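Enquirer: Have a look at this one before I ask anything.
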Amino acid sequence: MTSEESVERYHRQVLLPVIGTSGQQRLRRGRVCVLGVGALGTHVAMLLARAGVGFLRLVDRDVLEWTNLQRQVLYEEADVEAALPKAVAAARALERVNRDVSIESVVIDVDATSIVPLIADVDAVVDGSDNFELRYLLNDAALELNKPWIYGGAIGTLGTTLTVIPGETACLRCLFPEPPSAGSVPTCDTAGVLGPAAALVGALQASEAIKLLVGAWSACNRTLMTVDLWTLEIARITARRRPDCPACALGERRFLYERAPSRTVALCGRDAVQVVVHPRVAIDLARLAQQLAPLGEVHYNPYLIRFRVDGYELTVFSDGRAIVRGTTDPAVARALYARYIGM
């Protein structure tokens, strides 16, 4: 892009006194990691790319499904039909939006072994995840690395957000010392989600990221903010740093230093189980596809294999992770994985 094109592209943004020329230059140098490019993350990534943020790292473990298209704005029907990982499809869409933004797509199930490298070289992290396990891990890692991060959630018609600035604001564990127990909170699979609620939270998170990048930290949201898009009710809960907070006051990093074992996890509302192996392995997908072809229906692309056999579907990634559909029983999923992947 020429200098003249760049000036024209960001003209309306530069006119804002809170941005200006210097702020736009800081955005151009800015680096953001978006953890999860689903309903929230796609809105965040789109807005940051259009704002001219110089580098975006898009991280997501999932493959696109038809149900995503209702609220995840970077994806199209062709992406679902091609069985593209979300991070890959999002990066392709954003490259068409702004060719001057450097975009890295990472298809991975984030855990304690991978979180630090993913966020160590960025200026801010945006939570686009759909699970508390990752949020508590992110809270630990962000505190350890002194990285600001922006929590977000959208369930039903409700949207929630909080900006965490290590050393200045409350962290996630100041408000919620322990993760909620399984089944105690609704999820988008059980309660649904209104598309505009996700859009609003994504816009708020993107705005907070822009504030952080241009240095307007004092303008950031330091409350737990909840908006009901149906009733238009807005609530703010004061978020104070707790002197006895195990994470930001006492320095506990329980979630970050927890050893990551091989595990199977039932995916809520999806009739599927995710199988994760540690340490990660490097699978030759082309070779595995050839081995599986005589046994069942195989679809293969550079990012994954989708294998259907005996009423089950195994989606296998190059790092050894797999999603087994057709069961919610971890033992069945593990047995299918061992039978066909051999680990």
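Chains: A, B, ... in order of the structure tokens. Residues: from 1 per chain. Ligands: from 1, in order shown.
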Run DSSP on the backbone and give me the residues of stretch 37-268 of chain A it puts in strand (DSSP E or B), as an MDAnalysis selection string.
Expert: chainID A and resid 55:60 63 85 102:107 124:127 149:156 158:164 193 223:228 233:238 263:267
Enquirer: Considering only C-alpha atoms, return as a ChimeraX atom specification whatever protein or nucleic-acid residues lie within 12 Å of A:Leu250, sequence-local ones (same chain, fewer than 5 positions apart) excluded.
Expert: /A:140,143-144,173-174,241-245
Enquirer: Skip A:Gly311 itself and residues of its chain fewer than 2 positions away, then list as an mmCIF file with N, CA, C and O atoms, in the first residue's frame all residues within 12 Å of it, counting only C-alpha atoms.
Expert:
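Output (around.cif):
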data_model
loop_
_atom_site.group_PDB
_atom_site.id
_atom_site.type_symbol
_atom_site.label_atom_id
_atom_site.label_comp_id
_atom_site.auth_asym_id
_atom_site.auth_seq_id
_atom_site.Cartn_x
_atom_site.Cartn_y
_atom_site.Cartn_z
ATOM 1 N N GLY A 296 -12.265 -46.623 5.618
ATOM 2 C CA GLY A 296 -13.463 -45.801 5.730
ATOM 3 C C GLY A 296 -13.388 -44.615 4.799
ATOM 4 O O GLY A 296 -12.509 -44.522 3.937
ATOM 5 N N GLU A 297 -14.290 -43.654 5.003
ATOM 6 C CA GLU A 297 -14.345 -42.458 4.166
ATOM 7 C C GLU A 297 -13.349 -41.427 4.682
ATOM 8 O O GLU A 297 -13.385 -41.049 5.862
ATOM 9 N N PHE A 307 -12.072 -38.484 9.009
ATOM 10 C CA PHE A 307 -12.195 -39.918 8.741
ATOM 11 C C PHE A 307 -13.492 -40.446 9.349
ATOM 12 O O PHE A 307 -13.745 -40.272 10.543
ATOM 13 N N ARG A 308 -14.346 -41.053 8.531
ATOM 14 C CA ARG A 308 -15.618 -41.599 8.990
ATOM 15 C C ARG A 308 -15.590 -43.120 8.893
ATOM 16 O O ARG A 308 -15.263 -43.684 7.845
ATOM 17 N N VAL A 309 -15.969 -43.754 10.028
ATOM 18 C CA VAL A 309 -15.973 -45.209 10.072
ATOM 19 C C VAL A 309 -16.943 -45.679 11.152
ATOM 20 O O VAL A 309 -16.995 -45.116 12.249
ATOM 21 N N GLU A 313 -16.870 -40.196 13.504
ATOM 22 C CA GLU A 313 -16.053 -39.304 12.669
ATOM 23 C C GLU A 313 -14.873 -38.829 13.491
ATOM 24 O O GLU A 313 -15.039 -38.269 14.580
ATOM 25 N N LEU A 314 -13.674 -39.038 12.981
ATOM 26 C CA LEU A 314 -12.454 -38.584 13.644
ATOM 27 C C LEU A 314 -11.842 -37.464 12.826
ATOM 28 O O LEU A 314 -11.559 -37.646 11.630
ATOM 29 N N VAL A 324 -13.359 -36.636 18.200
ATOM 30 C CA VAL A 324 -14.100 -37.848 17.850
ATOM 31 C C VAL A 324 -15.583 -37.557 18.017
ATOM 32 O O VAL A 324 -16.066 -37.323 19.128
ATOM 33 N N ARG A 325 -16.317 -37.586 16.921
ATOM 34 C CA ARG A 325 -17.758 -37.337 16.949
ATOM 35 C C ARG A 325 -18.528 -38.650 16.935
ATOM 36 O O ARG A 325 -18.065 -39.632 16.378
ATOM 37 N N GLY A 326 -19.711 -38.585 17.543
ATOM 38 C CA GLY A 326 -20.549 -39.768 17.597
ATOM 39 C C GLY A 326 -20.547 -40.434 18.955
ATOM 40 O O GLY A 326 -21.173 -41.476 19.144
ATOM 41 N N THR A 327 -19.835 -39.843 19.929
ATOM 42 C CA THR A 327 -19.803 -40.380 21.282
ATOM 43 C C THR A 327 -19.507 -39.257 22.268
ATOM 44 O O THR A 327 -18.874 -38.257 21.906
ATOM 45 N N LEU A 336 -11.077 -45.586 19.948
ATOM 46 C CA LEU A 336 -11.080 -45.318 18.506
ATOM 47 C C LEU A 336 -9.778 -44.651 18.077
ATOM 48 O O LEU A 336 -9.216 -44.966 17.029
#
Enquirer: Please indicate the distance in Å from atom CA of A:Gly195 to atom CA of A:Arg71, rounded to one decimal place.
Expert: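 Atom CA of A:Gly195 sits 4.7 Å away from atom CA of A:Arg71.
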Enquirer: Write out as a ChimeraX atom specification the residues lying within 12 Å of A:Val332, counting only C-alpha atoms and excluding same-chain residues fewer than 3 positions away.
Expert: /A:264-266,272-275,312,314,324-329,335-339
